[in-house]
Amino acid sequence: MSSSTAFPGQSPLAETAPLSLCAREPHVPADRLVAEMVPPPRFDSVRFDTYVPDPNQPSQSEAVTVLAGFAAGLGGAHATGAGRRRWFSKKPAAPAVPRGVYLDGGYGVGKTHLLASLWHATPAEPSLKAFGTFVELTNLVGALGFQQTVRTLSGHRLLCIDEFELDDPGDTVLVSSLLSRLVEAGVALAATSNTLPGKLGEGRFAAVDFLREIQGLSAHFRPLRIDGEDYRHRGLPEAPPPYDDEQVTRAAYATPGASLDDFPGLLDHLARVHPSRYGALTDDIRAVCLTGVSAVPDQSTALRLVVLADRLYDREVPVLASGLPFDRLFSDEMLNGGYRKKYFRAISRLTALARDAKGLVAQ
């Protein structure tokens with residue numbers, strides 16, 4: 001169908017064919033990766049006082065208090081140059097206490113909200129604070145190289161790492177080395193995860209063989225447990241059931257800036273685009289419309305889909321789909337395996353985005 005032909009039955013004012021994620025092959029320069037290490041649009045305006053603790057979960061209120069105090073205490077090291085002196089000294093002074101906080105809790109308890117609030121509350125210029133997911137951090141090392149990444153981040157006052165998870169031995173050694181160098185340089189750390197620091201890697205690789213690296217990572221953080229249920233579903237109706245192909249297609253043609261793709265084709269395309277580019281893949285997309293959603297065939301494909309779901313959620317892009325409901329994307333084997341927390345997070349986030357997309361379908 002040509003771009004000048006309206007979909008049958010649609011408004012004559014909407015004559016532009018939808019975009020396609022599969023037609024995009026973005027190339028992201030390394031300097032953009034660094035510049036974009038700030039809280040994503042969804043969390044640009046969050047603050048500690050906009051976090052609404054569950055009154056039945058005292059750990060949530062405690063987390064706000066602890067993190068606000070942590071932010072207030074970050075007013076000094078780099079401002080006086082102490083961090084840089086440690087970086088260039090022959091014998092860096094390791095901190096006597098953990099130089100970071102680690103927010104542990106289930107998906108949907110507001111960990112990313114709190115992490116972004118910490119970033120905003122830390123008394124430093126944005127250029128001295130970095131915020132990114134674990135995947136984005138490892139992608140930065142891949143783009144810049146290890147030594148350049150250390151040099152780039154060592155002048156920062158704070159590094160926030162969202163969704164901290166170790167998926168393979170290489171990442172364990174890489175991140176352990178990187179964070180150790182940054183802590184020596186005076187950089188404070190904050191991270192979120194569904195897994196306590198000492199349990200990272202369990203169920204995914206032979207963690208016992210890398211116990212020293214894992215324990216080294218754990219030593220950098222003070223764990224802060226946050227209990228609660230998924231706020232995305234707290235007191236809200238269930239996500240709408242999938243629509244049919246025609247409804248999704250009509251909505252895509254009627255929505256300016258929407259993309260329209262066949263789900264299996266999109267999964268194939270994700271295999272050809274590096275995950276560090278998934279954010280750029282969604283640039284200027286106002287809604288994602290997918291036809292033929294089906295069960296994800298294998299773990300590699302599933303993990304790529306998790307990254308895309310995170311980027312869509314960060315950017316508040318609604319997702320309208322036909323086919324299987326999102327809670328049937330991953331097999332029972334996947335949901336019971338070592339990556340289960342990633343998959344449940346993706347289901348939670350896609351469900352929230354599906355709810356956001358309800359208004360795209362004509363009633």
# chains A, B, ... in the order shown; residues from 1 in each chain; ligands from 1

$ residues_around --residues "Ser61 in chain A" --least-positions-apart "5" --cutoff "12 Å" --atoms "only C-alpha atoms" --output "list in words"
Phe48, Asp49, Tyr51, Val52, Pro53, Asp54, Pro55, Asn56, Val66, Leu67, Ala68, Val109, Gly110, Leu114, Leu224, Arg225, Ile226, Asp227 and Gly228 of chain A

$ select_by_dssp --residues "range 112-156 of chain A" --states "alpha helix (DSSP H)" --output "MDAnalysis selection string"
chainID A and resid 112:121 134:144 146:153

$ residues_around --residues "Lys341 in chain A" --least-positions-apart "4" --cutoff "10 Å" --atoms "only C-alpha atoms" --output "PyMOL selection string"
chain A and resi 106-107+165+193-195+334-337+345-347

$ residues_around --residues "range 32-35 of chain A" --least-positions-apart "2" --cutoff "12 Å" --atoms "only C-alpha atoms" --output "count of residues only"
35

$ residues_around --residues "range 282-298 of chain A" --least-positions-apart "4" --cutoff "6 Å" --atoms "only C-alpha atoms" --output "count of residues only"
19

$ atom_distance --atom1 "CA of Pro58 in chain A" --atom2 "CA of Leu353 in chain A"
28.4 Å

$ select_by_dssp --residues "range 275-319 of chain A" --states "strand (DSSP E)" --output "PyMOL selection string"
chain A and resi 287-293+319

$ closest_residue --among "A:Ser180, A:Thr351, A:Ser154, A:Thr255" --to "Leu312 in chain A" --atoms "only C-alpha atoms"
A:Thr351

$ atom_distance --atom1 "CA of His220 in chain A" --atom2 "CA of Gly75 in chain A"
19.1 Å

$ atom_distance --atom1 "CA of Leu158 in chain A" --atom2 "CA of Ala188 in chain A"
4.7 Å

$ closest_residue --among "A:Gln57, A:Glu25, A:Leu189, A:Ser176" --to "Arg222 in chain A" --atoms "only C-alpha atoms"
A:Leu189

$ residues_around --residues "Tyr102 in chain A" --least-positions-apart "5" --cutoff "7 Å" --atoms "only C-alpha atoms" --output "list in words"
Ala190, Ala191, Thr192, Phe221, Arg222, Pro223 and Leu224 of chain A

$ write_last_selection --atoms "all heavy atoms" --output "mmCIF file, in the first residue's frame"
data_model
loop_
_atom_site.group_PDB
_atom_site.id
_atom_site.type_symbol
_atom_site.label_atom_id
_atom_site.label_comp_id
_atom_site.auth_asym_id
_atom_site.auth_seq_id
_atom_site.Cartn_x
_atom_site.Cartn_y
_atom_site.Cartn_z
ATOM 1 N N ALA A 190 24.870 3.640 42.481
ATOM 2 C CA ALA A 190 23.519 3.259 42.881
ATOM 3 C C ALA A 190 22.981 2.333 41.814
ATOM 4 O O ALA A 190 23.219 2.551 40.615
ATOM 5 C CB ALA A 190 22.623 4.484 43.041
ATOM 6 N N ALA A 191 22.285 1.297 42.213
ATOM 7 C CA ALA A 191 21.808 0.311 41.249
ATOM 8 C C ALA A 191 20.466 -0.236 41.678
ATOM 9 O O ALA A 191 20.107 -0.208 42.861
ATOM 10 C CB ALA A 191 22.821 -0.826 41.111
ATOM 11 N N THR A 192 19.702 -0.731 40.712
ATOM 12 C CA THR A 192 18.465 -1.453 40.996
ATOM 13 C C THR A 192 18.567 -2.840 40.396
ATOM 14 O O THR A 192 19.257 -3.060 39.399
ATOM 15 C CB THR A 192 17.230 -0.764 40.388
ATOM 16 O OG1 THR A 192 17.257 -0.910 38.958
ATOM 17 C CG2 THR A 192 17.180 0.700 40.752
ATOM 18 N N PHE A 221 28.277 -2.118 47.543
ATOM 19 C CA PHE A 221 26.908 -1.659 47.758
ATOM 20 C C PHE A 221 26.377 -1.974 49.149
ATOM 21 O O PHE A 221 26.704 -3.006 49.740
ATOM 22 C CB PHE A 221 25.969 -2.322 46.744
ATOM 23 C CG PHE A 221 26.247 -1.987 45.323
ATOM 24 C CD1 PHE A 221 26.956 -2.867 44.518
ATOM 25 C CD2 PHE A 221 25.803 -0.802 44.766
ATOM 26 C CE1 PHE A 221 27.216 -2.574 43.186
ATOM 27 C CE2 PHE A 221 26.058 -0.497 43.441
ATOM 28 C CZ PHE A 221 26.764 -1.384 42.650
ATOM 29 N N ARG A 222 25.516 -1.090 49.636
ATOM 30 C CA ARG A 222 24.679 -1.370 50.790
ATOM 31 C C ARG A 222 23.310 -1.776 50.258
ATOM 32 O O ARG A 222 22.612 -0.968 49.630
ATOM 33 C CB ARG A 222 24.524 -0.120 51.654
ATOM 34 C CG ARG A 222 23.420 -0.265 52.706
ATOM 35 C CD ARG A 222 23.075 1.062 53.358
ATOM 36 N NE ARG A 222 21.897 0.924 54.198
ATOM 37 C CZ ARG A 222 21.349 1.926 54.875
ATOM 38 N NH1 ARG A 222 21.888 3.138 54.826
ATOM 39 N NH2 ARG A 222 20.280 1.729 55.622
ATOM 40 N N PRO A 223 22.904 -3.038 50.444
ATOM 41 C CA PRO A 223 21.594 -3.468 49.934
ATOM 42 C C PRO A 223 20.449 -2.750 50.648
ATOM 43 O O PRO A 223 20.491 -2.532 51.862
ATOM 44 C CB PRO A 223 21.572 -4.968 50.229
ATOM 45 C CG PRO A 223 22.993 -5.353 50.441
ATOM 46 C CD PRO A 223 23.645 -4.149 51.050
ATOM 47 N N LEU A 224 19.438 -2.374 49.892
ATOM 48 C CA LEU A 224 18.267 -1.712 50.434
ATOM 49 C C LEU A 224 17.035 -2.412 49.857
ATOM 50 O O LEU A 224 16.710 -2.251 48.682
ATOM 51 C CB LEU A 224 18.275 -0.228 50.050
ATOM 52 C CG LEU A 224 17.242 0.691 50.692
ATOM 53 C CD1 LEU A 224 17.423 0.722 52.202
ATOM 54 C CD2 LEU A 224 17.367 2.099 50.120
#

$ closest_residue --among "A:Leu103, A:Asp327, A:Pro41, A:Leu360" --to "Glu62 in chain A" --atoms "only C-alpha atoms"
A:Leu103

$ closest_residue --among "A:Ala357, A:Val273, A:Val307, A:Ala254" --to "Pro18 in chain A" --atoms "only C-alpha atoms"
A:Ala254

$ decode --residues "range 136-161 of chain A" --atoms "N, CA and C atoms" --output "compact mmCIF listing (two decimals), in the first residue's frame"
# COMPACT_ATOMS: atom_id res chain seq x y z
N GLU A 136 22.94 -0.79 28.80
CA GLU A 136 23.50 0.42 28.21
C GLU A 136 24.93 0.66 28.68
N LEU A 137 25.21 0.32 29.93
CA LEU A 137 26.57 0.49 30.44
C LEU A 137 27.54 -0.44 29.73
N THR A 138 27.18 -1.71 29.57
CA THR A 138 28.06 -2.64 28.87
C THR A 138 28.19 -2.26 27.40
N ASN A 139 27.12 -1.72 26.82
CA ASN A 139 27.21 -1.25 25.44
C ASN A 139 28.15 -0.06 25.32
N LEU A 140 28.18 0.79 26.34
CA LEU A 140 29.10 1.93 26.33
C LEU A 140 30.55 1.45 26.33
N VAL A 141 30.82 0.43 27.14
CA VAL A 141 32.18 -0.13 27.15
C VAL A 141 32.51 -0.70 25.77
N GLY A 142 31.53 -1.34 25.16
CA GLY A 142 31.76 -1.88 23.82
C GLY A 142 32.05 -0.81 22.79
N ALA A 143 31.41 0.35 22.94
CA ALA A 143 31.59 1.43 21.97
C ALA A 143 32.88 2.22 22.22
N LEU A 144 33.20 2.48 23.50
CA LEU A 144 34.35 3.33 23.82
C LEU A 144 35.62 2.54 24.12
N GLY A 145 35.46 1.29 24.55
CA GLY A 145 36.59 0.55 25.07
C GLY A 145 36.66 0.73 26.59
N PHE A 146 37.28 -0.22 27.27
CA PHE A 146 37.28 -0.21 28.73
C PHE A 146 37.98 1.02 29.29
N GLN A 147 39.21 1.30 28.85
CA GLN A 147 39.97 2.40 29.43
C GLN A 147 39.30 3.75 29.20
N GLN A 148 38.76 3.96 27.99
CA GLN A 148 38.10 5.23 27.70
C GLN A 148 36.83 5.37 28.53
N THR A 149 36.12 4.27 28.77
CA THR A 149 34.93 4.33 29.62
C THR A 149 35.30 4.73 31.04
N VAL A 150 36.39 4.16 31.56
CA VAL A 150 36.86 4.53 32.90
C VAL A 150 37.19 6.01 32.93
N ARG A 151 37.91 6.50 31.92
CA ARG A 151 38.28 7.92 31.90
C ARG A 151 37.04 8.80 31.78
N THR A 152 36.07 8.38 31.00
CA THR A 152 34.86 9.18 30.78
C THR A 152 34.03 9.29 32.05
N LEU A 153 33.90 8.20 32.79
CA LEU A 153 33.02 8.17 33.95
C LEU A 153 33.72 8.49 35.27
N SER A 154 35.05 8.47 35.30
CA SER A 154 35.75 8.64 36.57
C SER A 154 35.62 10.05 37.13
N GLY A 155 35.28 11.02 36.32
CA GLY A 155 35.07 12.37 36.81
C GLY A 155 33.67 12.63 37.32
N HIS A 156 32.81 11.59 37.27
CA HIS A 156 31.43 11.75 37.70
C HIS A 156 31.31 11.65 39.22
N ARG A 157 30.28 12.26 39.74
CA ARG A 157 29.99 12.13 41.16
C ARG A 157 29.12 10.91 41.44
N LEU A 158 28.28 10.53 40.47
CA LEU A 158 27.33 9.44 40.69
C LEU A 158 27.11 8.67 39.40
N LEU A 159 27.07 7.34 39.51
CA LEU A 159 26.69 6.47 38.41
C LEU A 159 25.50 5.64 38.87
N CYS A 160 24.37 5.79 38.20
CA CYS A 160 23.16 5.02 38.49
C CYS A 160 23.01 3.94 37.44
N ILE A 161 22.85 2.69 37.89
CA ILE A 161 22.73 1.55 36.99
C ILE A 161 21.38 0.88 37.23
